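Okay, coords-v6.cif now, which holds mmCIF, C-alpha atoms:
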```cif
data_run
#
loop_
_atom_site.label_atom_id
_atom_site.label_comp_id
_atom_site.auth_asym_id
_atom_site.auth_seq_id
_atom_site.Cartn_x
_atom_site.Cartn_y
_atom_site.Cartn_z
CA MET A 1 -159.28 179.88 -123.09
CA TYR A 2 -155.62 179.58 -124.10
CA ASP A 3 -155.40 177.49 -127.25
CA THR A 4 -151.99 178.96 -128.07
CA ILE A 5 -149.26 180.13 -125.68
CA LEU A 6 -146.15 182.00 -126.81
CA VAL A 7 -142.87 181.77 -124.88
CA PRO A 8 -140.20 184.27 -126.02
CA THR A 9 -136.78 183.29 -124.68
CA ASP A 10 -133.22 184.53 -124.47
CA GLY A 11 -132.10 181.41 -122.64
CA SER A 12 -131.94 183.17 -119.25
CA GLU A 13 -133.18 181.62 -116.01
CA HIS A 14 -136.08 184.09 -116.01
CA ALA A 15 -137.21 182.96 -119.46
CA ILE A 16 -136.91 179.34 -118.37
CA ARG A 17 -139.02 180.01 -115.28
CA ALA A 18 -141.63 181.63 -117.53
CA ALA A 19 -141.55 178.50 -119.69
CA GLU A 20 -142.28 176.40 -116.58
CA HIS A 21 -145.43 178.44 -115.97
CA ALA A 22 -146.33 178.18 -119.65
CA ARG A 23 -146.01 174.38 -119.37
CA TYR A 24 -148.28 174.37 -116.32
CA LEU A 25 -150.94 176.43 -118.10
CA ALA A 26 -150.57 174.48 -121.35
CA ARG A 27 -151.34 171.24 -119.52
CA MET A 28 -154.27 172.92 -117.81
CA PHE A 29 -155.81 174.24 -121.03
CA ASP A 30 -154.44 171.69 -123.55
CA SER A 31 -152.59 174.46 -125.37
CA THR A 32 -150.22 174.52 -128.31
CA VAL A 33 -146.97 176.21 -127.23
CA HIS A 34 -144.85 178.39 -129.50
CA LEU A 35 -141.22 178.89 -128.41
CA VAL A 36 -139.41 181.77 -130.12
CA SER A 37 -136.26 183.82 -129.80
CA ALA A 38 -135.74 187.20 -131.47
CA ALA A 39 -132.48 187.77 -133.38
CA ASP A 40 -131.94 191.53 -133.24
CA VAL A 41 -129.23 191.58 -135.90
CA GLN A 42 -129.57 195.29 -136.61
CA THR A 43 -128.88 196.37 -133.02
CA ALA A 44 -126.06 193.88 -132.55
CA GLY A 45 -124.43 194.76 -135.86
CA GLY A 46 -124.91 198.50 -135.59
CA MET A 47 -122.31 198.76 -132.86
CA PHE A 48 -119.61 197.48 -135.21
CA ASP A 49 -120.56 198.36 -138.74
CA ALA A 50 -122.88 201.21 -139.67
CA GLY A 51 -122.90 199.91 -143.21
CA GLY A 52 -124.40 196.56 -142.36
CA VAL A 53 -123.25 193.09 -141.35
CA ASP A 54 -122.12 190.07 -143.31
CA ARG A 55 -123.80 186.69 -143.53
CA GLN A 56 -121.37 185.10 -141.10
CA PHE A 57 -122.29 187.62 -138.41
CA ILE A 58 -126.01 187.04 -138.98
CA GLU A 59 -125.54 183.28 -138.77
CA ARG A 60 -123.69 183.68 -135.45
CA ILE A 61 -126.49 185.78 -133.97
CA GLU A 62 -129.14 183.35 -135.17
CA ALA A 63 -127.11 180.42 -133.79
CA GLU A 64 -127.14 182.10 -130.38
CA ASN A 65 -130.89 182.37 -130.57
CA GLU A 66 -131.15 178.72 -131.56
CA ARG A 67 -129.10 177.84 -128.48
CA ALA A 68 -131.39 179.98 -126.32
CA MET A 69 -134.36 178.00 -127.58
CA GLU A 70 -132.58 174.69 -127.02
CA THR A 71 -131.81 175.76 -123.45
CA THR A 72 -135.49 176.49 -122.86
CA LYS A 73 -136.89 173.61 -124.88
CA GLY A 74 -136.04 171.07 -122.22
CA THR A 75 -138.61 172.69 -119.95
CA LEU A 76 -141.28 172.17 -122.60
CA GLU A 77 -140.26 168.77 -123.96
CA GLU A 78 -143.42 167.08 -122.66
CA ILE A 79 -145.67 169.60 -124.41
CA GLU A 80 -147.07 168.61 -127.81
CA PRO A 81 -147.33 170.21 -130.20
CA LEU A 82 -144.38 172.54 -129.62
CA ARG A 83 -143.54 174.98 -132.40
CA THR A 84 -140.25 176.89 -132.58
CA ALA A 85 -139.01 179.86 -134.59
CA VAL A 86 -136.17 182.37 -134.67
CA LEU A 87 -137.64 185.81 -135.27
CA ARG A 88 -135.89 188.71 -136.99
CA GLY A 89 -135.99 192.35 -135.96
CA LYS A 90 -136.52 194.40 -132.83
CA PRO A 91 -137.64 191.85 -130.22
CA ALA A 92 -140.80 193.64 -129.04
CA ASP A 93 -141.92 194.34 -132.61
CA ALA A 94 -141.13 190.78 -133.70
CA ILE A 95 -143.03 189.29 -130.75
CA ILE A 96 -146.10 191.45 -131.33
CA GLU A 97 -146.09 190.62 -135.04
CA TYR A 98 -145.86 186.91 -134.23
CA VAL A 99 -148.74 187.18 -131.75
CA ASP A 100 -151.01 188.76 -134.34
CA LYS A 101 -149.98 186.42 -137.15
CA HIS A 102 -150.49 183.23 -135.14
CA ASP A 103 -153.52 184.28 -133.06
CA ILE A 104 -151.65 183.79 -129.78
CA ASP A 105 -153.92 183.73 -126.71
CA LEU A 106 -151.28 184.18 -124.01
CA ILE A 107 -147.63 185.24 -123.78
CA ALA A 108 -145.39 183.97 -120.95
CA MET A 109 -142.06 185.74 -120.60
CA GLY A 110 -139.40 186.67 -118.07
CA THR A 111 -139.11 190.17 -116.71
CA HIS A 112 -135.32 190.07 -116.68
CA GLY A 113 -132.88 188.50 -119.09
CA ARG A 114 -129.38 188.36 -120.46
CA THR A 115 -127.74 191.53 -121.68
CA GLY A 116 -124.92 192.36 -124.03
CA VAL A 117 -124.39 192.86 -127.73
CA SER A 118 -126.00 189.57 -128.69
CA ARG A 119 -128.87 189.66 -126.22
CA TYR A 120 -131.83 191.92 -125.78
CA VAL A 121 -132.70 193.22 -122.33
CA MET A 122 -135.72 191.08 -121.53
CA GLY A 123 -137.07 193.40 -118.85
CA SER A 124 -137.57 196.41 -121.09
CA ILE A 125 -138.83 194.21 -123.91
CA THR A 126 -141.39 192.67 -121.59
CA GLU A 127 -142.74 196.10 -120.63
CA HIS A 128 -143.13 197.03 -124.29
CA VAL A 129 -144.94 193.77 -125.00
CA VAL A 130 -147.26 194.22 -122.01
CA ARG A 131 -148.29 197.66 -123.28
CA ARG A 132 -148.92 196.54 -126.86
CA ALA A 133 -149.99 192.88 -126.85
CA SER A 134 -153.50 191.98 -127.97
CA CYS A 135 -153.52 189.06 -125.50
CA PRO A 136 -152.67 188.68 -121.80
CA VAL A 137 -148.99 188.62 -120.84
CA LEU A 138 -147.77 186.47 -117.96
CA THR A 139 -144.60 188.01 -116.52
CA VAL A 140 -142.29 185.87 -114.39
CA LYS A 141 -139.08 186.34 -112.40
CA ALA A 142 -136.78 183.46 -111.48
CA VAL A 143 -137.12 183.89 -107.72
CA GLU A 144 -138.23 181.64 -104.88
CA LYS A 145 -141.86 182.80 -104.86
CA SER A 146 -142.30 182.03 -108.56
CA GLU A 147 -141.33 178.39 -108.16
CA LEU A 148 -144.15 176.05 -109.13
CA ALA A 149 -144.61 173.69 -106.22
CA LYS A 150 -148.27 172.73 -106.07
CA GLY A 151 -149.45 175.05 -108.82
CA TYR A 152 -151.66 178.09 -108.35
CA GLU A 153 -153.37 177.68 -104.99
CA GLU A 154 -153.95 181.38 -104.27
CA VAL A 155 -155.01 183.70 -107.11
CA MET A 156 -155.34 187.43 -106.50
CA ILE A 157 -157.54 189.65 -108.68
CA PRO A 158 -157.18 193.38 -107.95
CA THR A 159 -160.08 195.54 -109.12
CA ASP A 160 -161.04 199.18 -109.39
CA GLY A 161 -164.42 198.44 -110.96
CA SER A 162 -163.32 199.51 -114.45
CA ASP A 163 -163.82 197.65 -117.73
CA ALA A 164 -160.08 196.89 -117.71
CA SER A 165 -160.24 195.12 -114.38
CA SER A 166 -163.44 193.35 -115.46
CA THR A 167 -161.60 191.86 -118.43
CA ALA A 168 -158.88 190.60 -116.11
CA ILE A 169 -161.52 188.98 -113.87
CA ASN A 170 -162.45 186.56 -116.67
CA HIS A 171 -158.88 185.30 -116.88
CA GLY A 172 -158.32 185.16 -113.13
CA ILE A 173 -161.52 183.24 -112.45
CA GLU A 174 -160.96 180.75 -115.27
CA ILE A 175 -157.40 179.98 -114.19
CA ALA A 176 -158.49 179.69 -110.56
CA LYS A 177 -161.29 177.35 -111.62
CA GLN A 178 -158.93 175.06 -113.51
CA ALA A 179 -156.39 175.15 -110.68
CA LYS A 180 -159.06 174.85 -107.95
CA ALA A 181 -157.50 177.88 -106.33
CA HIS A 182 -158.64 180.23 -103.59
CA VAL A 183 -159.51 183.67 -105.02
CA HIS A 184 -158.58 186.99 -103.43
CA ALA A 185 -160.60 189.98 -104.66
CA VAL A 186 -158.80 193.16 -103.60
CA ASN A 187 -159.60 196.85 -103.90
CA VAL A 188 -157.29 199.58 -102.59
CA VAL A 189 -158.93 202.96 -101.97
CA ASP A 190 -156.23 205.44 -102.92
CA VAL A 191 -157.08 208.23 -100.50
CA GLY A 192 -153.84 210.00 -101.42
CA ALA A 193 -155.24 210.63 -104.90
CA ILE A 194 -158.06 212.75 -103.52
CA THR A 195 -156.00 214.88 -101.16
CA PHE A 196 -154.72 218.08 -102.70
CA THR A 197 -151.99 218.67 -100.10
CA PRO A 198 -150.26 216.38 -97.58
CA ASP A 199 -152.10 218.19 -94.78
CA TYR A 200 -155.51 217.76 -96.37
CA SER A 201 -157.71 214.88 -95.24
CA ALA A 202 -160.40 213.55 -97.53
CA PRO A 203 -163.93 213.96 -96.18
CA SER A 204 -165.08 210.81 -94.44
CA GLU A 205 -168.23 210.60 -96.56
CA LEU A 206 -166.09 210.67 -99.73
CA VAL A 207 -163.86 207.90 -98.42
CA LYS A 208 -166.95 205.91 -97.48
CA ARG A 209 -168.33 206.27 -101.01
CA PHE A 210 -165.09 204.94 -102.48
CA GLU A 211 -165.11 202.05 -100.04
CA THR A 212 -168.69 201.25 -101.06
CA GLU A 213 -167.64 201.20 -104.72
CA GLY A 214 -164.72 198.95 -103.80
CA GLU A 215 -167.04 196.57 -101.98
CA ARG A 216 -169.30 196.48 -105.02
CA ALA A 217 -166.34 195.73 -107.30
CA THR A 218 -164.91 192.98 -105.09
CA GLY A 219 -168.42 191.62 -104.59
CA THR A 220 -168.72 191.11 -108.33
CA ILE A 221 -165.59 188.96 -108.26
CA ALA A 222 -166.87 187.08 -105.21
CA ASP A 223 -170.12 186.26 -107.03
CA ARG A 224 -168.22 185.04 -110.09
CA ALA A 225 -165.92 182.91 -107.94
CA ALA A 226 -168.85 181.42 -106.05
CA ASP A 227 -170.59 180.57 -109.33
CA ALA A 228 -167.42 178.72 -110.35
CA GLY A 229 -167.45 176.79 -107.08
CA LEU A 230 -164.42 178.60 -105.67
CA ASP A 231 -163.66 179.90 -102.20
CA VAL A 232 -163.04 183.66 -102.13
CA THR A 233 -161.78 186.34 -99.78
CA THR A 234 -162.56 190.01 -100.36
CA SER A 235 -160.54 192.95 -99.09
CA VAL A 236 -161.25 196.68 -99.38
CA HIS A 237 -158.90 199.05 -97.59
CA GLU A 238 -157.22 202.43 -97.84
CA GLY A 239 -153.63 202.70 -98.97
CA LEU A 240 -151.23 203.08 -101.88
CA PRO A 241 -152.35 200.73 -104.68
CA ALA A 242 -149.10 199.19 -105.92
CA SER A 243 -147.34 198.81 -102.57
CA ASP A 244 -150.48 197.63 -100.79
CA LEU A 245 -151.28 195.06 -103.48
CA LEU A 246 -147.73 193.72 -103.25
CA ALA A 247 -147.92 193.59 -99.46
CA TYR A 248 -151.25 191.75 -99.59
CA ALA A 249 -149.86 189.25 -102.10
CA ASP A 250 -146.84 188.56 -99.90
CA GLU A 251 -148.87 188.23 -96.69
CA ASN A 252 -151.34 185.80 -98.28
CA ASP A 253 -148.80 183.67 -100.21
CA VAL A 254 -150.41 184.56 -103.52
CA ASP A 255 -149.21 182.40 -106.43
CA LEU A 256 -150.60 184.52 -109.27
CA ILE A 257 -151.81 188.10 -109.66
CA THR A 258 -154.19 188.80 -112.54
CA MET A 259 -154.91 192.45 -113.29
CA GLY A 260 -155.81 194.89 -116.07
CA THR A 261 -153.36 197.36 -117.55
CA THR A 262 -155.77 200.22 -118.17
CA GLY A 263 -158.04 201.41 -115.40
CA ARG A 264 -160.16 204.35 -114.38
CA THR A 265 -158.50 207.66 -113.62
CA GLY A 266 -159.59 210.75 -111.78
CA LEU A 267 -159.85 211.81 -108.18
CA ASN A 268 -161.55 208.64 -107.02
CA ARG A 269 -159.49 206.10 -108.98
CA TYR A 270 -155.88 205.15 -109.28
CA LEU A 271 -154.44 204.69 -112.74
CA LEU A 272 -154.54 200.91 -112.94
CA GLY A 273 -152.13 200.89 -115.87
CA SER A 274 -149.24 202.47 -113.98
CA THR A 275 -150.14 200.42 -110.90
CA THR A 276 -149.87 197.23 -112.96
CA GLU A 277 -146.46 198.23 -114.29
CA ARG A 278 -145.21 198.85 -110.75
CA VAL A 279 -146.59 195.52 -109.61
CA ILE A 280 -144.92 193.73 -112.53
CA ARG A 281 -141.56 195.33 -111.72
CA HIS A 282 -141.62 194.47 -108.03
CA ALA A 283 -143.77 191.35 -107.59
CA GLU A 284 -141.91 188.13 -106.92
CA MET A 285 -144.87 185.98 -107.91
CA PRO A 286 -146.07 185.83 -111.56
CA VAL A 287 -148.32 188.65 -112.76
CA MET A 288 -150.77 188.25 -115.63
CA ALA A 289 -151.34 191.64 -117.25
CA VAL A 290 -154.53 191.91 -119.31
CA ASN A 291 -154.59 194.84 -121.72
CA ALA A 292 -158.33 195.42 -122.00
CA ARG A 293 -158.12 198.03 -124.74
CA GLN A 294 -155.94 195.89 -127.01
CA ILE A 295 -158.04 192.78 -126.39
CA MET A 296 -161.29 194.60 -127.18
CA GLU A 297 -159.78 195.99 -130.39
CA ARG A 298 -158.67 192.48 -131.36
CA GLU A 299 -162.14 191.09 -130.71
CA ARG A 300 -163.74 193.86 -132.82
CA SER A 301 -161.34 193.23 -135.71
CA THR A 302 -162.12 189.50 -135.76
CA SER A 303 -165.87 189.77 -135.30
#
```
Show this structure as structure tokens.
Amino acid sequence: MYDTILVPTDGSEHAIRAAEHARYLARMFDSTVHLVSAADVQTAGGMFDAGGVDRQFIERIEAENERAMETTKGTLEEIEPLRTAVLRGKPADAIIEYVDKHDIDLIAMGTHGRTGVSRYVMGSITEHVVRRASCPVLTVKAVEKSELAKGYEEVMIPTDGSDASSTAINHGIEIAKQAKAHVHAVNVVDVGAITFTPDYSAPSELVKRFETEGERATGTIADRAADAGLDVTTSVHEGLPASDLLAYADENDVDLITMGTTGRTGLNRYLLGSTTERVIRHAEMPVMAVNARQIMERERSTS
């Protein structure tokens, strides 16, 4: 599924933790890993010289990026083949261009990074990449819950029954299958989205219909997991999507969340895209964001 994995790095501990997860997945799927760092010379130089920068300045910036890759390379030294490159330009643009040029199947990157004149802010770059990438993006923070101890034992797949969440199911199930993980299929009925005022309560029959749809959506995941020989737990409950998904993940010691970035909207659905962004920002475990729209466009362009 992941023949090629891209690891953008700024040398921070968050990027290194992302590289550890990339190594784990690369061994699982026998992937080629690409390690890159983006030299944003224009932004760094613009603060000092509106007329441009000299060669010496460019070489210093590129040398910093080389050091960032060397810092991260030790995490990936057992992976072969390992390809490296210093990219030029705005980091998000450079990463997306590299993804398209090299047919990358997965990006693994930190959600926080070093800051300053010579460094890009990894967090904001990651969000831009998640929104635009034509492949899934694994986002990782360097915190206790993202440490790889025994691998992915508990994989959570949130669903709202949309095409976006269906695309994410494929990735979640395949990773869980390779890792022999327990699958959690979760649907949160966002009752708040169908109440027009704080004092208004949604009709019970309407709530019941949404719960039935949630059970159908989680049942689809359960069937897929069972077909793959995996144990699965399903959960459908009322609440606030982002906070409830995070709470569920914490309570069940989830190692990986796999979810779509574009979901159904309207009175009976939460906007899965914004929910995913909130989960990425606050989750302590890795989150794989699957941009269904971009992936489908990529598949159409290559077919």
- Query: Hey, what comes out of the PyMOL selection byres ((chain A and resi 168-185) around 6) on this file? Could you write it as a list in words?
  - Reply: Glu153, Glu154, Val155, Met156, Ile157, Pro158, Ser165, Ser166, Thr167, Val186, Thr218, Asp231, Val232, Thr233, Thr234, Thr258, Met259, Gly260 and Val290 of chain A
- Applied to this file, what does the PyMOL selection byres ((chain A and resi 247) around 12) return in terms of residues, put as a ChimeraX atom specification? /A:156,186,188,239-246,248-254,279,282-285
- What do you get, as a list in words, if you spell out every residue that the PyMOL selection byres ((chain A and resi 75) around 8) selects here?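 Against this file, the PyMOL selection byres ((chain A and resi 75) around 8) returns the residues Ile16, Ala19, Glu20, Arg23, Thr72, Lys73, Gly74, Leu76, Glu77 and Glu78 of chain A.
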Go ahead and write the residues just picked, C-alpha atoms, as a CSV table (one decimal), in the coordinates of the input.
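As a result, again06.csv now contains:
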```
chain,number,residue,atom,x,y,z
A,16,ILE,CA,-136.9,179.3,-118.4
A,19,ALA,CA,-141.6,178.5,-119.7
A,20,GLU,CA,-142.3,176.4,-116.6
A,23,ARG,CA,-146.0,174.4,-119.4
A,72,THR,CA,-135.5,176.5,-122.9
A,73,LYS,CA,-136.9,173.6,-124.9
A,74,GLY,CA,-136.0,171.1,-122.2
A,76,LEU,CA,-141.3,172.2,-122.6
A,77,GLU,CA,-140.3,168.8,-124.0
A,78,GLU,CA,-143.4,167.1,-122.7
```
- Task: Take the point (-151.8, 175.1, -120.5) as written in the file and pick out every residue within 12 Å of it, counting only C-alpha atoms; give the list as a ChimeraX atom specification.
- Result: /A:1-7,19-34,76,78-81,105-108,151,174-175,178-179
So for segment 71-89 of chain A, what box centre and size do we get, axis-aligned, 8 Å extra on each of the six sides, every listed atom, Å to one decimal, as AutoDock Vina command-line options?
```
--center_x -139.6 --center_y 179.7 --center_z -128.5 --size_x 31.5 --size_y 41.3 --size_z 33.0
```
- Students should find that atom CA of Gly229 of chain A and atom CA of Leu256 of chain A are spaced 18.7 Å
- Task: Could you jot down the atom CA of Ile104 of chain A to atom CA of Ser146 of chain A separation for me, Å, one decimal place?
- Result: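 Interatomic distance here is 23.3 Å.
In this comparison, which uses all atoms listed in the file, the residue of A:Lys145, A:Arg67, A:Arg83, A:Arg209 approaching Thr9 of chain A most closely is A:Arg67.
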- Can you pull out every residue within 12 Å of Arg131 of chain A, counting all atoms listed in the file, but drop anything in the same chain fewer than 3 positions away, and send it as a list in words? Ala92, Asp93, Ile96, Ser124, Ile125, Thr126, Glu127, His128, Ser134, Cys135, Pro136, Val137, Gly260, Thr261, Thr262, Gly273, Ser274, Thr276, Glu277, Ile280, Ala289, Val290, Asn291, Ala292, Arg293, Gln294 and Ile295 of chain A
- Message: Please compute the atom CA of Thr212 of chain A-atom CA of Thr275 of chain A distance, one decimal, in Å.
- Response: 21.0 Å
